[in-house]
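A.B. asks: Structure incoming, see below.
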Amino acid sequence: MKLIADLHIHSHYSRATSRNLTIPYLALWAQRKGVHLVGTGD
């Protein structure tokens, strides 16, 4: 099984990031891009 992960994404809780980067929004775009696992670096 192939797993695609991005383990260093900043959400809207980090400074100097978009307010739109909520967890549901990140999950939506991860799914659209074929990313199976997302981890924030906040």
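Following the order of the structure tokens, first chain is A, next is B, and so on, with residues numbered from 1 inside each chain and ligands from 1 in the order they appear.
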Excluding stretch 28-40 of chain A and any residue of its chain fewer than 4 positions from it, enumerate the residues within 10 Å of it, using only C-alpha atoms, and give them as a list in words.
C.D. replies: Lys2, Leu3, Ile4, Ala5, Asp6, Leu7, His8, Ile9, His10, Ser11, Tyr13, Ser14, Thr22, Ile23 and Pro24 of chain A
A.B. asks: Looking only at the backbone, which of the residues in chain A does DSSP tag as strand (DSSP E), as a count of residues only?
C.D. replies: 9
A.B. asks: From a DSSP pass on the backbone, collect the residues of chain A flagged as alpha helix (DSSP H) and hand them back as a list in words.
C.D. replies: Ile23, Pro24, Tyr25, Leu26, Ala27, Leu28, Trp29, Ala30, Gln31, Arg32 and Lys33 of chain A
A.B. asks: A:Met1, A:His12, A:Arg19, A:Leu26: which is nearest A:Asp42, counting only C-alpha atoms?
C.D. replies: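 Ranked by minimum distance to A:Asp42, first place goes to A:His12.
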